[in-house]
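K.L.:
Enclosed is the structure file structure-v5.txt (compact mmCIF, C-alpha atoms).
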# COMPACT_ATOMS: atom_id res chain seq x y z
CA MET A 28 128.10 82.13 142.00
CA GLU A 29 127.87 80.29 145.29
CA GLY A 30 125.19 81.67 147.55
CA VAL A 31 123.48 83.61 144.77
CA ARG A 32 120.04 82.84 143.33
CA VAL A 33 119.21 84.10 139.83
CA VAL A 34 115.59 84.74 138.85
CA GLN A 35 114.44 85.50 135.29
CA THR A 36 111.01 87.10 134.85
CA SER A 37 109.09 87.67 131.64
CA THR A 38 108.23 91.36 131.27
CA LEU A 39 106.10 93.81 129.33
CA HIS A 40 109.11 95.55 127.80
CA TRP A 41 109.81 94.81 124.17
CA GLU A 42 112.38 95.54 121.50
CA HIS A 43 110.97 96.08 118.05
CA MET A 44 111.25 97.69 114.65
CA ALA A 45 109.02 100.70 114.02
CA PHE A 46 108.51 101.52 110.33
CA ASN A 47 107.83 105.13 109.34
CA VAL A 48 104.86 104.42 107.07
CA ARG A 49 104.38 108.11 106.28
CA ARG A 50 107.41 108.21 103.96
CA PRO A 51 108.48 106.21 100.88
CA PRO A 52 109.40 103.46 100.44
CA LEU A 53 108.05 102.28 103.80
CA ASP A 54 104.60 103.57 102.97
CA GLU A 55 104.20 100.45 100.80
CA ARG A 56 102.98 97.34 102.60
CA ASN A 57 104.82 95.03 100.18
CA VAL A 58 108.12 96.74 101.01
CA ARG A 59 107.55 96.39 104.75
CA LEU A 60 106.61 92.75 104.33
CA ALA A 61 109.65 92.12 102.16
CA LEU A 62 111.90 93.58 104.85
CA CYS A 63 110.32 91.23 107.40
CA TYR A 64 110.91 88.23 105.15
CA ALA A 65 114.47 89.39 104.55
CA MET A 66 115.39 89.50 108.25
CA ASP A 67 116.38 86.43 110.25
CA GLU A 68 114.54 86.92 113.53
CA ARG A 69 115.79 83.62 114.97
CA ALA A 70 119.40 84.67 114.39
CA ILE A 71 118.70 88.00 116.09
CA PHE A 72 117.21 86.23 119.11
CA GLU A 73 120.05 83.74 119.43
CA LYS A 74 123.03 85.94 118.55
CA ILE A 75 122.01 89.30 119.99
CA TYR A 76 119.81 88.34 122.94
CA HIS A 77 121.60 85.01 123.59
CA GLY A 78 118.25 83.22 123.70
CA ASP A 79 117.05 85.19 126.73
CA GLY A 80 113.54 86.61 126.62
CA THR A 81 110.41 85.68 124.70
CA PRO A 82 110.09 85.99 120.92
CA GLY A 83 106.71 87.24 119.71
CA PRO A 84 105.98 89.25 116.55
CA THR A 85 103.22 91.60 117.72
CA ASP A 86 102.45 93.96 120.60
CA GLN A 87 101.51 91.22 123.08
CA ASN A 88 103.90 89.00 125.05
CA PRO A 89 103.25 85.28 124.38
CA ASP A 90 103.90 84.59 128.08
CA PHE A 91 100.72 86.46 128.97
CA GLY A 92 97.10 85.70 128.25
CA TRP A 93 96.35 88.38 125.66
CA TYR A 94 98.58 86.96 122.93
CA ASP A 95 97.02 85.25 119.90
CA PRO A 96 98.83 81.87 119.85
CA HIS A 97 98.09 81.36 116.15
CA LEU A 98 100.42 84.18 115.09
CA ARG A 99 103.93 83.46 113.86
CA TYR A 100 106.92 85.39 112.54
CA TYR A 101 107.33 85.66 108.80
CA PRO A 102 109.95 83.05 107.82
CA HIS A 103 113.39 84.14 106.70
CA ASP A 104 112.84 83.85 102.94
CA LEU A 105 114.79 86.04 100.53
CA VAL A 106 112.95 84.52 97.57
CA GLN A 107 109.58 85.62 98.93
CA ALA A 108 111.05 89.03 99.77
CA GLY A 109 112.10 89.33 96.13
CA ARG A 110 108.63 88.39 94.89
CA LEU A 111 107.04 91.09 97.04
CA LEU A 112 109.48 93.71 95.81
CA ASP A 113 108.92 92.60 92.20
CA ALA A 114 105.18 93.01 92.71
CA ALA A 115 105.80 96.54 94.00
CA GLY A 116 107.80 97.39 90.87
CA TRP A 117 111.27 97.32 92.45
CA ARG A 118 113.50 95.55 89.91
CA PRO A 119 117.00 94.16 90.54
CA ALA A 120 119.92 95.76 88.74
CA ALA A 121 123.49 94.69 87.99
CA ASP A 122 124.83 96.35 91.14
CA GLY A 123 122.64 94.11 93.32
CA LEU A 124 120.26 96.89 94.34
CA ARG A 125 116.64 97.26 93.28
CA TYR A 126 115.38 100.29 91.39
CA ARG A 127 112.07 101.79 90.34
CA ASN A 128 111.98 104.61 87.83
CA GLY A 129 115.72 104.99 88.26
CA VAL A 130 115.50 105.46 92.04
CA PRO A 131 117.26 102.91 94.30
CA LEU A 132 115.32 101.12 97.03
CA ALA A 133 116.87 102.67 100.14
CA THR A 134 116.07 103.32 103.78
CA THR A 135 117.74 104.42 107.01
CA LEU A 136 118.01 102.56 110.31
CA SER A 137 118.14 104.65 113.48
CA THR A 138 118.29 103.92 117.19
CA VAL A 139 119.82 105.30 120.37
CA ALA A 140 123.56 105.62 119.88
CA GLY A 141 125.62 103.43 122.17
CA VAL A 142 123.02 100.71 122.80
CA LYS A 143 125.18 97.82 121.63
CA ASP A 144 122.57 95.13 121.06
CA ARG A 145 120.47 97.45 118.89
CA GLU A 146 123.51 98.60 116.95
CA SER A 147 124.38 94.94 116.34
CA ILE A 148 120.87 94.32 115.05
CA GLU A 149 121.25 97.25 112.67
CA VAL A 150 124.42 95.74 111.22
CA MET A 151 122.72 92.35 110.79
CA LEU A 152 119.72 93.95 109.07
CA GLN A 153 121.92 96.07 106.85
CA SER A 154 123.63 92.90 105.61
CA GLU A 155 120.44 90.86 105.20
CA TRP A 156 118.49 93.60 103.48
CA ARG A 157 121.38 94.26 101.10
CA LYS A 158 120.96 90.66 99.89
CA ALA A 159 117.35 91.55 99.08
CA GLY A 160 118.50 94.57 97.05
CA VAL A 161 117.84 97.25 99.68
CA GLN A 162 120.41 99.94 100.39
CA VAL A 163 120.55 100.69 104.12
CA GLU A 164 122.20 103.61 105.88
CA ILE A 165 122.70 103.45 109.65
CA LYS A 166 122.28 106.78 111.40
CA ASN A 167 121.99 106.78 115.18
CA TYR A 168 121.31 109.63 117.58
CA PRO A 169 121.67 110.51 121.28
CA PRO A 170 118.58 109.63 123.38
CA ARG A 171 117.23 113.18 123.40
CA ARG A 172 117.50 113.49 119.62
CA CYS A 173 115.73 110.15 119.08
CA SER A 174 112.61 111.45 120.82
CA LEU A 175 112.27 114.55 118.64
CA ARG A 176 109.84 114.92 115.76
CA PRO A 177 109.51 114.68 112.86
CA VAL A 178 110.98 111.24 112.25
CA PRO A 179 113.56 111.35 109.43
CA ALA A 180 112.18 110.51 105.99
CA GLY A 181 112.28 106.84 105.06
CA CYS A 182 113.45 105.88 108.54
CA CYS A 183 113.04 102.59 110.38
CA SER A 184 113.68 102.84 114.12
CA VAL A 185 115.12 99.86 115.97
CA GLY A 186 114.33 98.81 119.49
CA ARG A 187 112.12 101.53 120.87
CA PRO A 188 111.52 100.23 124.41
CA THR A 189 107.97 100.71 125.61
CA SER A 190 106.11 99.49 128.66
CA ARG A 191 102.38 99.02 128.65
CA SER A 192 99.98 100.26 131.25
CA SER A 193 98.77 98.20 134.18
CA LEU A 194 95.48 98.17 136.03
CA GLY A 195 96.12 97.41 139.67
CA SER A 196 98.42 94.40 139.63
CA THR A 197 97.07 92.99 136.34
CA PRO A 198 98.82 93.96 133.08
CA THR A 199 96.33 94.96 130.41
CA PRO A 200 96.78 95.23 126.63
CA THR A 201 95.35 98.75 126.42
CA ARG A 202 97.85 101.06 124.70
CA ARG A 203 95.64 103.85 123.44
CA ARG A 204 98.48 106.40 123.13
CA VAL A 205 100.71 103.89 121.33
CA VAL A 206 98.38 101.74 119.26
CA HIS A 207 97.96 102.44 115.58
CA ARG A 208 95.04 104.81 115.32
CA ALA A 209 94.81 108.38 114.09
CA ALA A 210 94.25 109.86 117.56
CA SER A 211 97.56 108.40 118.76
CA VAL A 212 99.83 109.70 115.99
CA ALA A 213 102.83 111.57 117.41
CA PRO A 214 103.16 114.16 118.85
CA ILE A 215 99.63 113.68 120.29
CA GLY A 216 100.45 110.14 121.32
CA GLN A 217 103.29 107.68 120.92
CA ASN A 218 102.34 106.19 117.56
CA VAL A 219 105.73 106.85 115.98
CA THR A 220 105.00 104.63 112.97
CA PHE A 221 102.25 107.06 111.83
CA PHE A 222 100.19 104.03 110.82
CA ALA A 223 96.49 104.61 111.49
CA ASP A 224 93.82 101.96 110.91
CA ASP A 225 90.19 102.57 111.84
CA ARG A 226 89.72 98.85 112.50
CA ILE A 227 92.23 99.06 115.35
CA GLY A 228 90.54 102.12 116.82
CA ARG A 229 87.13 100.41 116.73
CA ALA A 230 88.50 97.23 118.30
CA GLN A 231 90.20 99.20 121.08
CA ALA A 232 87.01 101.12 121.83
CA ALA A 233 84.94 97.94 121.87
CA ALA A 234 87.39 96.15 124.18
CA LEU A 235 87.49 99.07 126.63
CA ALA A 236 83.70 98.94 126.92
CA ILE A 237 83.87 95.36 128.24
CA TYR A 238 85.12 94.35 131.68
CA ASP A 239 85.06 90.57 131.14
CA PRO A 240 88.54 89.56 129.85
CA VAL A 241 87.17 86.56 127.98
CA ARG A 242 84.88 88.78 125.93
CA ARG A 243 87.60 91.40 125.45
CA LEU A 244 90.16 88.90 124.16
CA PRO A 245 88.86 88.59 120.54
CA TYR A 246 89.26 92.34 120.01
CA TYR A 247 92.93 92.25 121.03
CA HIS A 248 93.48 89.21 118.84
CA GLU A 249 92.00 91.20 115.95
CA ILE A 250 94.39 94.10 116.64
CA GLN A 251 97.38 91.74 116.64
CA ARG A 252 96.33 90.17 113.35
CA ILE A 253 96.05 93.60 111.72
CA ILE A 254 99.47 94.65 113.04
CA LEU A 255 101.10 91.46 111.76
CA ALA A 256 99.37 91.72 108.37
CA GLU A 257 100.21 95.41 107.83
CA VAL A 258 103.54 95.40 109.77
CA PRO A 259 103.80 99.02 110.90
CA GLU A 260 106.01 97.44 113.57
CA TYR A 261 107.67 94.07 114.12
CA THR A 262 108.77 92.81 117.53
CA PHE A 263 112.14 91.12 118.02
CA ASN A 264 112.00 90.15 121.67
CA TRP A 265 110.16 90.60 124.96
CA LEU A 266 112.99 91.37 127.34
CA PRO A 267 113.47 89.38 130.55
CA GLU A 268 114.08 90.89 133.95
CA ILE A 269 117.12 89.12 135.41
CA ASP A 270 117.64 89.47 139.16
CA ALA A 271 120.39 88.09 141.37
CA ALA A 272 120.04 87.94 145.15
CA ASN A 273 121.61 86.03 148.00
CA GLU A 274 119.92 82.67 148.55
CA ASP A 275 118.66 83.45 152.05
CA LEU A 276 116.72 86.54 150.93
CA ARG A 277 113.01 85.78 151.25
CA GLY A 278 110.11 87.73 149.75
CA LEU A 279 111.71 88.86 146.48
CA ARG A 280 108.90 88.89 143.88
CA PRO A 281 109.97 90.38 140.53
CA VAL A 282 107.11 91.82 138.46
CA PRO A 283 106.54 92.15 134.67
CA VAL A 284 106.75 95.94 134.78
CA GLY A 285 107.93 98.31 137.48
CA SER A 286 110.50 98.22 140.25
CA ASP A 287 111.69 94.99 141.87
CA PHE A 288 111.65 96.90 145.15
CA TRP A 289 107.85 97.29 145.08
CA ASN A 290 107.41 94.91 148.07
CA VAL A 291 110.69 95.55 149.87
CA ALA A 292 108.79 95.82 153.20
CA GLN A 293 108.09 92.09 152.89
CA TRP A 294 111.72 91.06 152.41
CA SER A 295 113.55 89.23 155.17
CA LEU A 296 116.81 87.38 155.80
Here is the file; what I need is its structure written in the form of structure tokens.

P.N.:
Amino acid sequence: MEGVRVVQTSTLHWEHMAFNVRRPPLDERNVRLALCYAMDERAIFEKIYHGDGTPGPTDQNPDFGWYDPHLRYYPHDLVQAGRLLDAAGWRPAADGLRYRNGVPLATTLSTVAGVKDRESIEVMLQSEWRKAGVQVEIKNYPPRRCSLRPVPAGCCSVGRPTSRSSLGSTPTPTRRRVVHRAASVAPIGQNVTFFADDRIGRAQAAALAIYDPVRRLPYYHEIQRIILAEVPEYTFNWLPEIDAANEDLRGLRPVPVGSDFWNVAQWSL
């Protein structure tokens, strides 16, 4: 539009899959890994988010300094997904589903009803996971219902938006009420996956005892590696902040988290 300037800012808000590791079959690491291999993250990014944002598989945005640049998404590989499910004892049957001891491999996808991009992701995952032999039911809820506990048995939640804390004007990777440790399990904290790993708790504690960001960095890299290896959650996209303002507006400075009006006293025309 003539006279309008558009600014896109990388943020600390992410859309991700949270696996309920407390309930079968998602309590099995091989099943969670198989579901990651069976989803096409690139297609989700291009078709649902239209290529806007920043892909990154863990709890750190690749556009910021805490991300481990060696980490990658699991490739879209239905063959590997099948191998993992075979190893877990889930065998394919004539109807295309996988069974173990006569029980079908099934799970439920849930998100906030009416959020169209997340609902579209659910439909894509339902189709992709069916090819891997997984039966998927989609069951969405109003926002208030989504925040209640306990989480439904066997449920994966899609796209829980979460913003991390900040220290002054510097975003930090500390998420003690969200990160996967026993003391953060809901309802005490916001660990809605129910995944608790003592290694993550120790790394968080060690990092918080150090002020120097260079010395803290290896601990957050370790946490990311554990999350990607165990996949209690899997990030689709780090959402962008997209602002439009008239071209003669000076002083607009969008930030990774918070209100774009934070410095409105410095704006001028």

K.L.:
Any idea what the distance is between CA of Glu68 in chain A and CA of Leu132 in chain A?

P.N.:
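CA of Glu68 in chain A sits 21.8 Å away from CA of Leu132 in chain A.
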
K.L.:
With all atoms listed in the file as the atoms that count, which of A:Glu55, A:Glu73, A:Asp67, A:Asp270 lies nearest to Asp144 in chain A?

P.N.:
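Nearest to Asp144 in chain A: A:Glu73.
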
K.L.:
Distance CA of Val33 in chain A-CA of Val282 in chain A, one decimal place?

P.N.:
14.4 Å

K.L.:
Could you give me, as a PyMOL selection string, the residues within 12 Å of Arg157 in chain A, counting all atoms listed in the file and dropping anything in the same chain fewer than 2 positions from it?

P.N.:
chain A and resi 61-62+65-66+105+108-109+119+122-125+131-134+149-155+159-164

K.L.:
Nearest to Glu268 in chain A among A:Leu296, A:Val284, A:Ile71, A:Cys63, with distances taken over all atoms listed in the file: which residue is it?

P.N.:
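Closest residue, counting all atoms listed in the file: A:Val284.
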
K.L.:
One decimal, Å: what's the distance from CA of His248 in chain A over to CA of Gln87 in chain A, could you say?

P.N.:
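Result for CA of His248 in chain A versus CA of Gln87 in chain A: 9.3 Å, one decimal.
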
K.L.:
Using only C-alpha atoms, find the one residue out of A:Gln107, A:Thr138, A:Ser37, A:Asn57 that sits nearest to Pro259 in chain A.

P.N.:
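Among the listed residues, A:Asn57 lies closest to Pro259 in chain A.
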
K.L.:
Tell me which protein, DNA and RNA residues are within 8 Å of range 256-258 of chain A, counting all atoms listed in the file, leaving out same-chain ones fewer than 4 positions away, and put them as an mmCIF file with C-alpha atoms, in the coordinates of the input.

P.N.:
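In the end it all went to around-v7.cif:
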data_model
loop_
_atom_site.group_PDB
_atom_site.id
_atom_site.type_symbol
_atom_site.label_atom_id
_atom_site.label_comp_id
_atom_site.auth_asym_id
_atom_site.auth_seq_id
_atom_site.Cartn_x
_atom_site.Cartn_y
_atom_site.Cartn_z
ATOM 1 C CA PHE A 46 108.510 101.520 110.330
ATOM 2 C CA ARG A 56 102.980 97.340 102.600
ATOM 3 C CA ARG A 59 107.550 96.390 104.750
ATOM 4 C CA LEU A 60 106.610 92.750 104.330
ATOM 5 C CA ARG A 252 96.330 90.170 113.350
#

K.L.:
Of the candidates A:Tyr100, A:Asn273, A:Arg242, A:Asp86, which shows the shortest atom-to-atom distance to Leu39 in chain A, using all atoms listed in the file?

P.N.:
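Of the candidates, the smallest distance to Leu39 in chain A is held by A:Asp86.
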
K.L.:
May I ask which of the residues A:Arg277, A:Ser295, A:Leu255, A:Gln35 is the closest one to Asp95 in chain A, counting all atoms listed in the file?

P.N.:
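Closest to Asp95 in chain A, using all atoms listed in the file: A:Leu255.
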
K.L.:
Assuming 5 Å of padding per side, give the centre and edge lengths of the axis-aligned box around every listed atom of range 110-119 of chain A, in Å to one decimal and as AutoDock Vina command-line options.

P.N.:
--center_x 111.1 --center_y 92.9 --center_z 93.5 --size_x 21.8 --size_y 19.0 --size_z 17.1

K.L.:
Of the candidates A:Leu111, A:Ala230, A:Val106, A:Val142, which one gets nearest to Lys158 in chain A if we count all atoms listed in the file?

P.N.:
A:Val106

K.L.:
If we count only C-alpha atoms, what is near Ile75 in chain A at a cut-off of 10 Å, once residues fewer than 2 positions away on the same chain are taken out, given as a PyMOL selection string?

P.N.:
chain A and resi 69-73+77-79+143-148+151

K.L.:
Dump C-alpha atoms for the selected residues as a short mmCIF file (atom, residue, chain, number, x, y, z; two decimals), in the coordinates of the input?

P.N.:
data_model
loop_
_atom_site.label_atom_id
_atom_site.label_comp_id
_atom_site.auth_asym_id
_atom_site.auth_seq_id
_atom_site.Cartn_x
_atom_site.Cartn_y
_atom_site.Cartn_z
CA ARG A 69 115.79 83.62 114.97
CA ALA A 70 119.40 84.67 114.39
CA ILE A 71 118.70 88.00 116.09
CA PHE A 72 117.21 86.23 119.11
CA GLU A 73 120.05 83.74 119.43
CA HIS A 77 121.60 85.01 123.59
CA GLY A 78 118.25 83.22 123.70
CA ASP A 79 117.05 85.19 126.73
CA LYS A 143 125.18 97.82 121.63
CA ASP A 144 122.57 95.13 121.06
CA ARG A 145 120.47 97.45 118.89
CA GLU A 146 123.51 98.60 116.95
CA SER A 147 124.38 94.94 116.34
CA ILE A 148 120.87 94.32 115.05
CA MET A 151 122.72 92.35 110.79
#

K.L.:
Any chance you could model N, CA and C atoms for range 32-46 of chain A and send them as a PDB file, in the coordinates of the input?

P.N.:
ATOM      1  N   ARG A  32     121.174  83.385 144.080  1.00  0.00           N
ATOM      2  CA  ARG A  32     120.040  82.840 143.330  1.00  0.00           C
ATOM      3  C   ARG A  32     119.677  83.812 142.213  1.00  0.00           C
ATOM      4  N   VAL A  33     119.546  83.280 140.997  1.00  0.00           N
ATOM      5  CA  VAL A  33     119.210  84.100 139.830  1.00  0.00           C
ATOM      6  C   VAL A  33     117.763  83.808 139.425  1.00  0.00           C
ATOM      7  N   VAL A  34     116.993  84.859 139.237  1.00  0.00           N
ATOM      8  CA  VAL A  34     115.590  84.740 138.850  1.00  0.00           C
ATOM      9  C   VAL A  34     115.383  85.492 137.542  1.00  0.00           C
ATOM     10  N   GLN A  35     114.752  84.845 136.562  1.00  0.00           N
ATOM     11  CA  GLN A  35     114.440  85.500 135.290  1.00  0.00           C
ATOM     12  C   GLN A  35     112.922  85.603 135.140  1.00  0.00           C
ATOM     13  N   THR A  36     112.443  86.820 134.911  1.00  0.00           N
ATOM     14  CA  THR A  36     111.010  87.100 134.850  1.00  0.00           C
ATOM     15  C   THR A  36     110.645  87.654 133.490  1.00  0.00           C
ATOM     16  N   SER A  37     109.594  87.113 132.885  1.00  0.00           N
ATOM     17  CA  SER A  37     109.090  87.670 131.640  1.00  0.00           C
ATOM     18  C   SER A  37     108.455  89.035 131.916  1.00  0.00           C
ATOM     19  N   THR A  38     108.673  89.983 131.020  1.00  0.00           N
ATOM     20  CA  THR A  38     108.230  91.360 131.270  1.00  0.00           C
ATOM     21  C   THR A  38     107.343  91.888 130.152  1.00  0.00           C
ATOM     22  N   LEU A  39     106.896  93.107 130.341  1.00  0.00           N
ATOM     23  CA  LEU A  39     106.100  93.810 129.330  1.00  0.00           C
ATOM     24  C   LEU A  39     106.934  94.878 128.632  1.00  0.00           C
ATOM     25  N   HIS A  40     108.221  94.652 128.525  1.00  0.00           N
ATOM     26  CA  HIS A  40     109.110  95.550 127.800  1.00  0.00           C
ATOM     27  C   HIS A  40     109.604  94.838 126.550  1.00  0.00           C
ATOM     28  N   TRP A  41     109.446  95.494 125.400  1.00  0.00           N
ATOM     29  CA  TRP A  41     109.810  94.810 124.170  1.00  0.00           C
ATOM     30  C   TRP A  41     110.749  95.641 123.309  1.00  0.00           C
ATOM     31  N   GLU A  42     111.497  94.928 122.477  1.00  0.00           N
ATOM     32  CA  GLU A  42     112.380  95.540 121.500  1.00  0.00           C
ATOM     33  C   GLU A  42     111.802  95.249 120.119  1.00  0.00           C
ATOM     34  N   HIS A  43     111.646  96.300 119.329  1.00  0.00           N
ATOM     35  CA  HIS A  43     110.970  96.080 118.050  1.00  0.00           C
ATOM     36  C   HIS A  43     111.435  97.073 116.994  1.00  0.00           C
ATOM     37  N   MET A  44     111.009  96.804 115.774  1.00  0.00           N
ATOM     38  CA  MET A  44     111.250  97.690 114.650  1.00  0.00           C
ATOM     39  C   MET A  44     109.979  98.506 114.407  1.00  0.00           C
ATOM     40  N   ALA A  45     110.139  99.810 114.346  1.00  0.00           N
ATOM     41  CA  ALA A  45     109.020 100.700 114.020  1.00  0.00           C
ATOM     42  C   ALA A  45     109.267 101.295 112.640  1.00  0.00           C
ATOM     43  N   PHE A  46     108.381 101.012 111.687  1.00  0.00           N
ATOM     44  CA  PHE A  46     108.510 101.520 110.330  1.00  0.00           C
ATOM     45  C   PHE A  46     107.804 102.876 110.216  1.00  0.00           C
TER      46      PHE A  46
END
